[in-house]
Amino acid sequence: MLKDITFGQYFPGQSLLHRLDPRTKILLSLIFIVILFVAKTPIAFLLMILLTAVFVEMSKIPFGTIFKGIRAVLILLLFTAAINLFLTKGQGTPLLEFWVIKIYAEGIWRAVIMAVRVVLLILISGLFLTYTTTPIALTDGIESLLSPLKKIRIPVHEFAMMITIALRFIPTLIEETDRVISAQKARGADFSSGGLIKRARALIPILVPLLVSSIKHAEDLATAMECRCYRGGDGRTRMVKLTYRTRDFLMLLFVLAIGASVFVLNHYIPILLPDLYYF
Amino acid sequence: MNILELRDVSYTYNRGTPFEELALDSVSVGFEKGKITGIIGHTGSGKSTLTHLLNGLEKPSSGDVLLCGESIWEEPKKIAQIRFRIGLVMQYPEYQLFDETVRADIGFGPRNMGLDEDEIARRVDEAARFAGIAPELMDKSPFDLSGGQKRRAAIAGVLAMRPEILVLDEPAAGLDPRGRTEILGGLRDYQRSRNATILLVSHSMEDMARYCDNIVVMNQGRIYVTGTVSEVFARSEELQSVGLNVPEIARIANGLIRRGIPLSGDLYTVEGVRRAILSYVKGECEC
């Protein structure tokens, strides 16, 4: 049952997006998000939608898989759209008036724009950071991007190592949880009836063995790492070295150019809503 | 009479995903009441899946599991009652220990059955005796026990429910020889005193020969051979072709027979082969 939780949505492939350096992909996602919130003109939004579609097509990841991510935040999406729709006060006469509800043209625009922003944000960050990048590559990328912080004595490598280890043990723990649940069920444990307190108490036979085995895993892993002379990040070399290639620079340049044009467009084309940010 | 029976059971993991995997392929097999049946097979042959299906932890994708002729999934709400009747000891069961004392942990199953405290205490002591747990360990924390003692405590936790049928997945894996004989011997005592039925999954052919009445051989999700211990071990070539072995001593006996020495009787335990060889030698001398 717990195995149904697919962890890490990495979708193996050989597309350009897969081959980009993880650092590039982190930067691209950040730039993309900034552009999304700077954009104010309709043409900019169309451009962003088009760009996202091109990236999705390029990644060769089935459309259905990518849209699963959207389904998860559908409620949030509808909620923000509804709030924007009903609470925006426009300047003209309301398009629709019903009891206390007044809907203005601005409200509709705002709801649509917010929805587009959230959807694109999820699609792009999912595409760059989860579907085409393994969790390990991602933490390597984060470590490398944050490495300047080492100068001010922030243990960046240790943090990255902790994230890597945590990610690596999630499937193991899921499997163990499954096993413990089965074993206790075989002894007649009942997890699904009774009141709140009874149900909480029913979790003890699962949580205690899990906690014990987690601590044991941690001890074993620490011993294994020490046996191989792990001493933290200083002087440590890597088996896979991250290197920026031409494609990384081209991609960054391309997206930055788009960002610049979106910014310029804001000043030359009538923008959609002057007060888009004030709510 | 078959107390527990699988009828045309198939089981598929991760059905409907790209990771779909057929673990059992229309398996039909019956288990005799009051006998110890061994289940052997290569890693990945479907043994562990089979044990989960027998006690209702998983539901077959198709086919039926019959207990005394009735499907255990007849009333899905009563599956917990079925689990009290068919006890399951999983692989490396020491993972399941959680309570403050060994006594309380063994009592977890009976307590879930809703028995009164006197009956629970009686059953806990009885189960501890069968599993060979020394009385002075009963009030210790299960986490302070050694590996072998933890295993015994976990097995006792299932014995305490007094199941009619006991399914054990490698109960002696990773134990020293003495621990093995004590645990398996204790299980046989339980089976004899309660006329229970035991299904024993194991990799050790020697254990199979020593403790089992019948053997079921599995291969790639199907039943490969079933029969009594002597019937199955007589087919050593077939077993070897699916990556299994017969007990060492049975190989010696089979080798002697191939070389023209007619041995008969129980030819898969050291004691049996010794007797067979001695009676053969005596027969030679008398001629």
# chains A, B, ... in the order shown; residues from 1 in each chain; ligands from 1

$ select_by_dssp --residues "range 50-224 of chain A" --states "alpha helix (DSSP H)" --output "VMD selection string"
chain A and resid 50 to 59 63 to 72 74 to 87 105 to 125 135 to 146 156 to 186 196 to 202 204 to 224

$ closest_atom_pairs --of "chain B" --to "chain A" --cutoff "9 Å" --atoms "only C-alpha atoms" --output "tab-separated table"
residue	atom	partner	partner_atom	distance
B:Asn14	CA	A:Asp4	CA	8.1
B:His52	CA	A:Ser182	CA	8.6
B:Asn55	CA	A:Ala186	CA	7.4
B:Gly56	CA	A:Ala186	CA	8.5
B:Leu57	CA	A:Ser182	CA	6.7
B:Ala80	CA	A:Gly188	CA	5.9
B:Gln81	CA	A:Gly188	CA	8.0
B:Arg83	CA	A:Ala186	CA	5.9
B:Phe84	CA	A:Gly188	CA	6.7
B:Ile86	CA	A:Ala186	CA	8.6
B:Gly87	CA	A:Ala186	CA	6.8
B:Leu88	CA	A:Ala186	CA	6.0
B:Val89	CA	A:Ala183	CA	7.6
B:Met90	CA	A:Ala183	CA	6.6
B:Pro93	CA	A:Ala183	CA	7.5
B:Tyr95	CA	A:Pro209	CA	6.1
B:Gln96	CA	A:Val180	CA	5.8
B:Leu97	CA	A:Pro209	CA	6.5
B:Phe98	CA	A:Val208	CA	5.5
B:Asp99	CA	A:Pro205	CA	7.4
B:Phe108	CA	A:Arg187	CA	7.2
B:Gly109	CA	A:Arg187	CA	4.7
B:Pro110	CA	A:Arg187	CA	8.2
B:Arg111	CA	A:Gly188	CA	8.9
B:Asn112	CA	A:Gly188	CA	5.7
B:Met113	CA	A:Gly188	CA	7.0
B:Phe143	CA	A:Val212	CA	8.7
B:Gly157	CA	A:Arg187	CA	7.7
B:Val158	CA	A:Arg187	CA	6.5
B:Met161	CA	A:Arg187	CA	7.9

$ residues_around --residues "range 258-263 of chain A" --least-positions-apart "3" --cutoff "12 Å" --atoms "only C-alpha atoms" --output "short mmCIF file (atom, residue, chain, number, x, y, z; two decimals) with N, CA and C atoms, in the first residue's frame"
data_model
loop_
_atom_site.label_atom_id
_atom_site.label_comp_id
_atom_site.auth_asym_id
_atom_site.auth_seq_id
_atom_site.Cartn_x
_atom_site.Cartn_y
_atom_site.Cartn_z
N LEU A 28 17.92 28.01 -14.18
CA LEU A 28 16.86 28.23 -15.15
C LEU A 28 15.50 28.33 -14.48
N LEU A 30 14.86 29.22 -11.43
CA LEU A 30 14.75 30.49 -10.69
C LEU A 30 14.48 31.65 -11.66
N ILE A 31 15.25 31.70 -12.76
CA ILE A 31 15.05 32.79 -13.73
C ILE A 31 13.63 32.75 -14.27
N PHE A 32 13.18 31.55 -14.58
CA PHE A 32 11.85 31.39 -15.15
C PHE A 32 10.79 31.93 -14.18
N ILE A 33 10.96 31.62 -12.91
CA ILE A 33 9.97 32.07 -11.92
C ILE A 33 9.97 33.59 -11.84
N VAL A 34 11.17 34.18 -11.87
CA VAL A 34 11.26 35.64 -11.83
C VAL A 34 10.54 36.23 -13.05
N ILE A 35 10.81 35.67 -14.22
CA ILE A 35 10.18 36.19 -15.44
C ILE A 35 8.66 36.12 -15.31
N LEU A 36 8.18 34.99 -14.79
CA LEU A 36 6.73 34.79 -14.66
C LEU A 36 6.11 35.92 -13.86
N PHE A 37 6.83 36.38 -12.83
CA PHE A 37 6.22 37.39 -11.97
C PHE A 37 6.52 38.81 -12.43
N VAL A 38 7.46 38.95 -13.36
CA VAL A 38 7.73 40.27 -13.93
C VAL A 38 6.76 40.54 -15.08
N ALA A 39 6.40 39.48 -15.77
CA ALA A 39 5.58 39.63 -16.98
C ALA A 39 4.24 40.30 -16.67
N LYS A 40 3.89 41.24 -17.51
CA LYS A 40 2.60 41.90 -17.32
C LYS A 40 1.80 41.96 -18.61
N THR A 41 2.46 41.75 -19.74
CA THR A 41 1.76 41.92 -21.01
C THR A 41 1.22 40.59 -21.51
N PRO A 42 0.09 40.62 -22.23
CA PRO A 42 -0.48 39.37 -22.74
C PRO A 42 0.51 38.62 -23.61
N ILE A 43 1.27 39.37 -24.41
CA ILE A 43 2.17 38.69 -25.33
C ILE A 43 3.27 37.94 -24.55
N ALA A 44 3.66 38.52 -23.39
CA ALA A 44 4.66 37.85 -22.56
C ALA A 44 4.13 36.53 -22.03
N PHE A 45 2.87 36.55 -21.61
CA PHE A 45 2.29 35.31 -21.09
C PHE A 45 2.19 34.25 -22.18
N LEU A 46 1.78 34.69 -23.37
CA LEU A 46 1.71 33.73 -24.47
C LEU A 46 3.09 33.13 -24.74
N LEU A 47 4.09 34.01 -24.69
CA LEU A 47 5.46 33.56 -24.92
C LEU A 47 5.86 32.50 -23.89
N MET A 48 5.53 32.75 -22.64
CA MET A 48 5.90 31.81 -21.58
C MET A 48 5.18 30.48 -21.75
N LEU A 50 4.12 29.23 -24.53
CA LEU A 50 4.74 28.58 -25.68
C LEU A 50 6.06 27.92 -25.28
N LEU A 51 6.86 28.67 -24.54
CA LEU A 51 8.18 28.18 -24.11
C LEU A 51 8.02 26.91 -23.26
N MET A 251 21.61 27.64 -23.25
CA MET A 251 20.28 27.60 -22.65
C MET A 251 20.06 28.79 -21.72
N LEU A 252 21.07 29.06 -20.88
CA LEU A 252 20.95 30.19 -19.94
C LEU A 252 20.79 31.49 -20.71
N LEU A 253 21.60 31.64 -21.77
CA LEU A 253 21.56 32.85 -22.58
C LEU A 253 20.17 33.02 -23.20
N PHE A 254 19.65 31.90 -23.71
CA PHE A 254 18.34 31.91 -24.37
C PHE A 254 17.26 32.39 -23.39
N VAL A 255 17.23 31.77 -22.20
CA VAL A 255 16.17 32.11 -21.26
C VAL A 255 16.36 33.53 -20.73
N ASN A 266 7.12 45.09 -21.23
CA ASN A 266 6.30 45.75 -20.22
C ASN A 266 6.22 47.25 -20.46
N HIS A 267 7.29 47.84 -21.03
CA HIS A 267 7.34 49.29 -21.18
C HIS A 267 6.81 49.77 -22.51
N TYR A 268 6.62 48.87 -23.47
CA TYR A 268 6.21 49.32 -24.81
C TYR A 268 4.82 48.87 -25.22
N ILE A 269 4.32 47.89 -24.54
CA ILE A 269 3.01 47.38 -24.92
C ILE A 269 2.06 47.65 -23.77
N ILE A 271 -0.02 47.23 -20.78
CA ILE A 271 0.02 46.07 -19.89
C ILE A 271 -1.38 45.72 -19.43
#

$ atom_distance --atom1 "CA of Ile83 in chain A" --atom2 "CA of Ile108 in chain A"
10.5 Å

$ closest_residue --among "B:Gly283, B:Gly107, B:Gly148, B:Gly260" --to "Ala173 in chain B" --atoms "only C-alpha atoms"
B:Gly148

$ select_by_dssp --residues "range 15-110 of chain A" --states "strand (DSSP E or B)" --output "ChimeraX atom specification"
/A:96-98,101-103

$ residues_around --residues "Gly44 in chain B" --least-positions-apart "4" --cutoff "10 Å" --atoms "only C-alpha atoms" --output "PyMOL selection string"
chain B and resi 23+48-49+218-221

$ atom_distance --atom1 "CA of Lys102 in chain A" --atom2 "CA of Phe79 in chain A"
17.1 Å

$ residues_around --residues "Gln240 in chain B" --least-positions-apart "6" --cutoff "12 Å" --atoms "only C-alpha atoms" --output "number ranges by chain"
B: 41-42, 217, 219, 232-234, 246-247, 251

$ write_last_selection --atoms "C-alpha atoms" --output "mmCIF file, in the first residue's frame"
data_model
loop_
_atom_site.group_PDB
_atom_site.id
_atom_site.type_symbol
_atom_site.label_atom_id
_atom_site.label_comp_id
_atom_site.auth_asym_id
_atom_site.auth_seq_id
_atom_site.Cartn_x
_atom_site.Cartn_y
_atom_site.Cartn_z
ATOM 1 C CA GLY B 41 12.197 -22.668 -3.980
ATOM 2 C CA HIS B 42 14.771 -20.323 -5.356
ATOM 3 C CA VAL B 217 8.713 -27.059 -4.510
ATOM 4 C CA ASN B 219 9.748 -22.368 -9.304
ATOM 5 C CA VAL B 232 10.464 -35.167 -3.562
ATOM 6 C CA PHE B 233 14.056 -35.883 -2.596
ATOM 7 C CA ALA B 234 14.114 -38.939 -4.853
ATOM 8 C CA VAL B 246 18.687 -32.259 -2.001
ATOM 9 C CA PRO B 247 20.305 -32.794 1.419
ATOM 10 C CA ARG B 251 23.046 -37.077 -2.636
#

$ residues_around --residues "range 159-175 of chain A" --least-positions-apart "4" --cutoff "12 Å" --atoms "only C-alpha atoms" --output "VMD selection string"
chain A and resid 1 to 8 134 to 147 149 to 150 154 to 155 179 to 182 206 to 207 209 to 215 217 to 218 221 to 222 225 230 to 233

$ write_last_selection --atoms "N, CA and C atoms" --output "short mmCIF file (atom, residue, chain, number, x, y, z; two decimals), in the first residue's frame"
data_model
loop_
_atom_site.label_atom_id
_atom_site.label_comp_id
_atom_site.auth_asym_id
_atom_site.auth_seq_id
_atom_site.Cartn_x
_atom_site.Cartn_y
_atom_site.Cartn_z
N MET A 1 0.83 -1.21 0.00
CA MET A 1 0.00 0.00 0.00
C MET A 1 0.87 1.25 0.00
N LEU A 2 1.88 1.27 0.88
CA LEU A 2 2.74 2.45 0.91
C LEU A 2 3.63 2.54 -0.32
N LYS A 3 3.81 1.38 -0.96
CA LYS A 3 4.68 1.38 -2.13
C LYS A 3 4.06 2.20 -3.25
N ASP A 4 2.75 2.44 -3.15
CA ASP A 4 2.10 3.21 -4.19
C ASP A 4 2.59 4.65 -4.23
N ILE A 5 3.14 5.12 -3.11
CA ILE A 5 3.68 6.47 -3.10
C ILE A 5 4.94 6.44 -3.94
N THR A 6 4.85 6.97 -5.15
CA THR A 6 6.06 6.95 -5.97
C THR A 6 6.96 8.05 -5.47
N PHE A 7 8.14 7.68 -5.13
CA PHE A 7 9.03 8.70 -4.62
C PHE A 7 9.98 9.15 -5.71
N GLY A 8 10.25 10.45 -5.73
CA GLY A 8 11.18 10.94 -6.74
C GLY A 8 10.59 10.62 -8.09
N THR A 134 17.90 13.56 -11.39
CA THR A 134 17.82 12.62 -10.26
C THR A 134 18.03 13.40 -8.97
N PRO A 135 17.44 12.90 -7.87
CA PRO A 135 17.60 13.62 -6.60
C PRO A 135 19.08 13.83 -6.24
N ILE A 136 19.90 12.86 -6.57
CA ILE A 136 21.32 12.96 -6.22
C ILE A 136 21.98 14.09 -7.02
N ALA A 137 21.69 14.15 -8.33
CA ALA A 137 22.25 15.22 -9.16
C ALA A 137 21.79 16.57 -8.63
N LEU A 138 20.54 16.60 -8.18
CA LEU A 138 19.99 17.86 -7.68
C LEU A 138 20.75 18.33 -6.43
N THR A 139 20.99 17.42 -5.49
CA THR A 139 21.71 17.85 -4.29
C THR A 139 23.14 18.22 -4.63
N ASP A 140 23.75 17.50 -5.58
CA ASP A 140 25.09 17.89 -6.02
C ASP A 140 25.07 19.32 -6.55
N GLY A 141 24.04 19.61 -7.35
CA GLY A 141 23.92 20.94 -7.93
C GLY A 141 23.75 22.01 -6.85
N ILE A 142 22.88 21.70 -5.86
CA ILE A 142 22.66 22.66 -4.78
C ILE A 142 23.97 22.91 -4.03
N GLU A 143 24.67 21.80 -3.74
CA GLU A 143 25.93 21.94 -3.01
C GLU A 143 26.89 22.86 -3.76
N SER A 144 26.98 22.60 -5.06
CA SER A 144 27.93 23.37 -5.86
C SER A 144 27.53 24.84 -5.93
N LEU A 145 26.22 25.09 -6.08
CA LEU A 145 25.77 26.48 -6.17
C LEU A 145 25.97 27.22 -4.86
N LEU A 146 25.81 26.49 -3.75
CA LEU A 146 25.91 27.14 -2.44
C LEU A 146 27.34 27.18 -1.92
N SER A 147 28.28 26.56 -2.66
CA SER A 147 29.63 26.42 -2.10
C SER A 147 30.30 27.76 -1.74
N LEU A 149 29.15 29.85 0.09
CA LEU A 149 28.80 30.07 1.49
C LEU A 149 29.81 29.43 2.45
N LYS A 150 30.63 28.51 1.91
CA LYS A 150 31.66 27.90 2.76
C LYS A 150 32.59 28.95 3.31
N ILE A 154 29.64 28.16 6.53
CA ILE A 154 28.41 27.38 6.56
C ILE A 154 28.74 26.00 5.98
N PRO A 155 28.45 24.91 6.72
CA PRO A 155 28.85 23.57 6.26
C PRO A 155 27.98 23.07 5.11
N ARG A 179 6.55 -3.66 5.89
CA ARG A 179 6.79 -4.93 6.56
C ARG A 179 6.27 -4.95 7.98
N VAL A 180 6.55 -3.85 8.71
CA VAL A 180 6.11 -3.81 10.11
C VAL A 180 4.58 -3.81 10.16
N ILE A 181 3.94 -3.06 9.27
CA ILE A 181 2.48 -3.03 9.26
C ILE A 181 1.95 -4.44 9.01
N SER A 182 2.54 -5.14 8.04
CA SER A 182 2.09 -6.51 7.75
C SER A 182 2.26 -7.40 8.97
N ILE A 206 3.84 0.33 15.30
CA ILE A 206 4.53 0.57 14.03
C ILE A 206 5.69 1.53 14.23
N LEU A 207 5.42 2.59 15.01
CA LEU A 207 6.42 3.64 15.13
C LEU A 207 7.65 3.18 15.91
N PRO A 209 9.12 0.09 16.27
CA PRO A 209 10.10 -0.65 15.46
C PRO A 209 10.78 0.21 14.39
N LEU A 210 10.03 1.14 13.81
CA LEU A 210 10.62 1.98 12.76
C LEU A 210 11.71 2.88 13.33
N LEU A 211 11.41 3.45 14.50
CA LEU A 211 12.39 4.33 15.14
C LEU A 211 13.65 3.54 15.47
N VAL A 212 13.43 2.34 16.04
CA VAL A 212 14.59 1.51 16.40
C VAL A 212 15.42 1.20 15.17
N SER A 213 14.76 0.82 14.06
CA SER A 213 15.55 0.43 12.90
C SER A 213 16.19 1.65 12.24
N SER A 214 15.54 2.82 12.33
CA SER A 214 16.18 4.03 11.77
C SER A 214 17.48 4.33 12.49
N ILE A 215 17.43 4.23 13.83
CA ILE A 215 18.64 4.52 14.60
C ILE A 215 19.73 3.50 14.25
N HIS A 217 20.01 1.90 11.40
CA HIS A 217 20.52 2.25 10.07
C HIS A 217 21.55 3.36 10.17
N ALA A 218 21.23 4.37 10.98
CA ALA A 218 22.13 5.52 11.10
C ALA A 218 23.47 5.08 11.66
N LEU A 221 25.36 3.04 9.06
CA LEU A 221 25.86 3.88 7.97
C LEU A 221 27.06 4.68 8.44
N ALA A 222 26.98 5.20 9.67
CA ALA A 222 28.09 5.99 10.20
C ALA A 222 29.35 5.13 10.28
N MET A 225 30.71 4.53 6.82
CA MET A 225 31.36 5.72 6.26
C MET A 225 32.73 5.92 6.91
N TYR A 230 35.57 8.55 5.71
CA TYR A 230 34.85 9.78 5.39
C TYR A 230 35.11 10.81 6.49
N ARG A 231 35.55 12.01 6.09
CA ARG A 231 35.83 13.04 7.09
C ARG A 231 35.15 14.35 6.73
N GLY A 232 34.06 14.32 6.00
CA GLY A 232 33.42 15.55 5.60
C GLY A 232 33.96 16.05 4.28
N GLY A 233 33.64 17.27 3.94
CA GLY A 233 33.87 17.75 2.59
C GLY A 233 35.29 18.15 2.24
#

$ residues_around --residues "range 2-10 of chain B" --least-positions-apart "3" --cutoff "9 Å" --atoms "only C-alpha atoms" --output "JSON, numbers by chain"
{"B": [22, 23, 24, 25, 26, 27, 28, 29, 30, 31, 32, 33, 34, 54, 60, 61, 62, 63, 64, 65, 66, 67, 68, 69, 165, 197, 221]}

$ write_last_selection --atoms "N, CA, C and O atoms" --output "tab-separated table (two decimals), in the first residue's frame"
chain	number	residue	atom	x	y	z
B	22	LEU	N	4.30	-10.56	-12.31
B	22	LEU	CA	3.49	-11.72	-11.94
B	22	LEU	C	4.28	-12.55	-10.93
B	22	LEU	O	5.30	-13.13	-11.26
B	23	ALA	N	3.82	-12.59	-9.67
B	23	ALA	CA	4.56	-13.31	-8.64
B	23	ALA	C	4.08	-14.74	-8.50
B	23	ALA	O	4.86	-15.64	-8.23
B	24	LEU	N	2.78	-14.96	-8.67
B	24	LEU	CA	2.24	-16.32	-8.62
B	24	LEU	C	1.38	-16.53	-9.84
B	24	LEU	O	0.60	-15.66	-10.21
B	25	ASP	N	1.52	-17.69	-10.46
B	25	ASP	CA	0.85	-17.94	-11.72
B	25	ASP	C	-0.04	-19.17	-11.58
B	25	ASP	O	0.43	-20.29	-11.55
B	26	SER	N	-1.33	-18.97	-11.45
B	26	SER	CA	-2.35	-20.01	-11.24
B	26	SER	C	-1.82	-21.20	-10.42
B	26	SER	O	-1.63	-22.29	-10.94
B	27	VAL	N	-1.61	-20.91	-9.14
B	27	VAL	CA	-1.10	-21.92	-8.22
B	27	VAL	C	-2.27	-22.65	-7.56
B	27	VAL	O	-3.19	-22.02	-7.06
B	28	SER	N	-2.25	-23.97	-7.63
B	28	SER	CA	-3.24	-24.76	-6.90
B	28	SER	C	-2.49	-25.77	-6.04
B	28	SER	O	-1.68	-26.53	-6.56
B	29	VAL	N	-2.73	-25.73	-4.73
B	29	VAL	CA	-2.02	-26.65	-3.85
B	29	VAL	C	-2.81	-26.77	-2.55
B	29	VAL	O	-3.50	-25.83	-2.15
B	30	GLY	N	-2.74	-27.94	-1.94
B	30	GLY	CA	-3.45	-28.13	-0.68
B	30	GLY	C	-2.47	-28.50	0.43
B	30	GLY	O	-1.40	-29.03	0.16
B	31	PHE	N	-2.82	-28.15	1.67
B	31	PHE	CA	-1.96	-28.47	2.80
B	31	PHE	C	-2.72	-29.35	3.77
B	31	PHE	O	-3.83	-29.01	4.20
B	32	GLU	N	-2.11	-30.48	4.14
B	32	GLU	CA	-2.79	-31.46	4.97
B	32	GLU	C	-2.85	-31.05	6.43
B	32	GLU	O	-1.86	-30.52	6.96
B	33	LYS	N	-3.98	-31.32	7.07
B	33	LYS	CA	-4.13	-30.99	8.48
B	33	LYS	C	-3.19	-31.84	9.33
B	33	LYS	O	-3.00	-33.02	9.08
B	34	GLY	N	-2.59	-31.18	10.32
B	34	GLY	CA	-1.76	-31.89	11.28
B	34	GLY	C	-0.39	-32.29	10.75
B	34	GLY	O	0.31	-33.07	11.39
B	54	LEU	N	-1.68	-16.61	2.16
B	54	LEU	CA	-2.30	-17.63	2.99
B	54	LEU	C	-2.95	-17.00	4.21
B	54	LEU	O	-3.95	-17.50	4.70
B	60	PRO	N	-5.58	-12.38	-3.39
B	60	PRO	CA	-5.15	-12.87	-4.70
B	60	PRO	C	-5.75	-12.03	-5.83
B	60	PRO	O	-6.88	-11.56	-5.72
B	61	SER	N	-4.96	-11.85	-6.91
B	61	SER	CA	-5.49	-11.12	-8.06
B	61	SER	C	-6.61	-11.93	-8.70
B	61	SER	O	-7.59	-11.40	-9.20
B	62	SER	N	-6.45	-13.27	-8.68
B	62	SER	CA	-7.55	-14.13	-9.09
B	62	SER	C	-7.39	-15.45	-8.35
B	62	SER	O	-6.31	-15.76	-7.86
B	63	GLY	N	-8.47	-16.22	-8.28
B	63	GLY	CA	-8.40	-17.48	-7.56
B	63	GLY	C	-8.84	-17.33	-6.11
B	63	GLY	O	-9.18	-16.24	-5.67
B	64	ASP	N	-8.81	-18.44	-5.38
B	64	ASP	CA	-9.36	-18.45	-4.03
B	64	ASP	C	-8.42	-19.10	-3.03
B	64	ASP	O	-7.69	-20.02	-3.38
B	65	VAL	N	-8.42	-18.61	-1.79
B	65	VAL	CA	-7.72	-19.26	-0.69
B	65	VAL	C	-8.81	-19.86	0.20
B	65	VAL	O	-9.68	-19.14	0.68
B	66	LEU	N	-8.77	-21.20	0.37
B	66	LEU	CA	-9.83	-21.86	1.12
B	66	LEU	C	-9.32	-22.38	2.45
B	66	LEU	O	-8.31	-23.09	2.50
B	67	LEU	N	-10.01	-22.00	3.53
B	67	LEU	CA	-9.70	-22.53	4.86
B	67	LEU	C	-10.87	-23.44	5.22
B	67	LEU	O	-12.01	-22.98	5.29
B	68	CYS	N	-10.60	-24.72	5.45
B	68	CYS	CA	-11.64	-25.72	5.69
B	68	CYS	C	-12.72	-25.63	4.62
B	68	CYS	O	-13.92	-25.67	4.92
B	69	GLY	N	-12.31	-25.44	3.38
B	69	GLY	CA	-13.28	-25.45	2.29
B	69	GLY	C	-14.00	-24.14	2.05
B	69	GLY	O	-14.78	-24.03	1.12
B	165	ILE	N	-3.17	-23.07	12.19
B	165	ILE	CA	-2.20	-23.22	11.12
B	165	ILE	C	-1.12	-22.18	11.35
B	165	ILE	O	-1.41	-21.03	11.65
B	197	THR	N	-1.23	-27.40	12.11
B	197	THR	CA	-0.65	-27.60	10.79
B	197	THR	C	0.44	-26.55	10.62
B	197	THR	O	0.23	-25.40	10.97
B	221	GLY	N	7.11	-18.79	-9.67
B	221	GLY	CA	5.70	-18.48	-9.45
B	221	GLY	C	4.75	-19.64	-9.68
B	221	GLY	O	3.55	-19.46	-9.67

$ atom_distance --atom1 "CA of Arg235 in chain B" --atom2 "CA of Ile215 in chain B"
12.1 Å
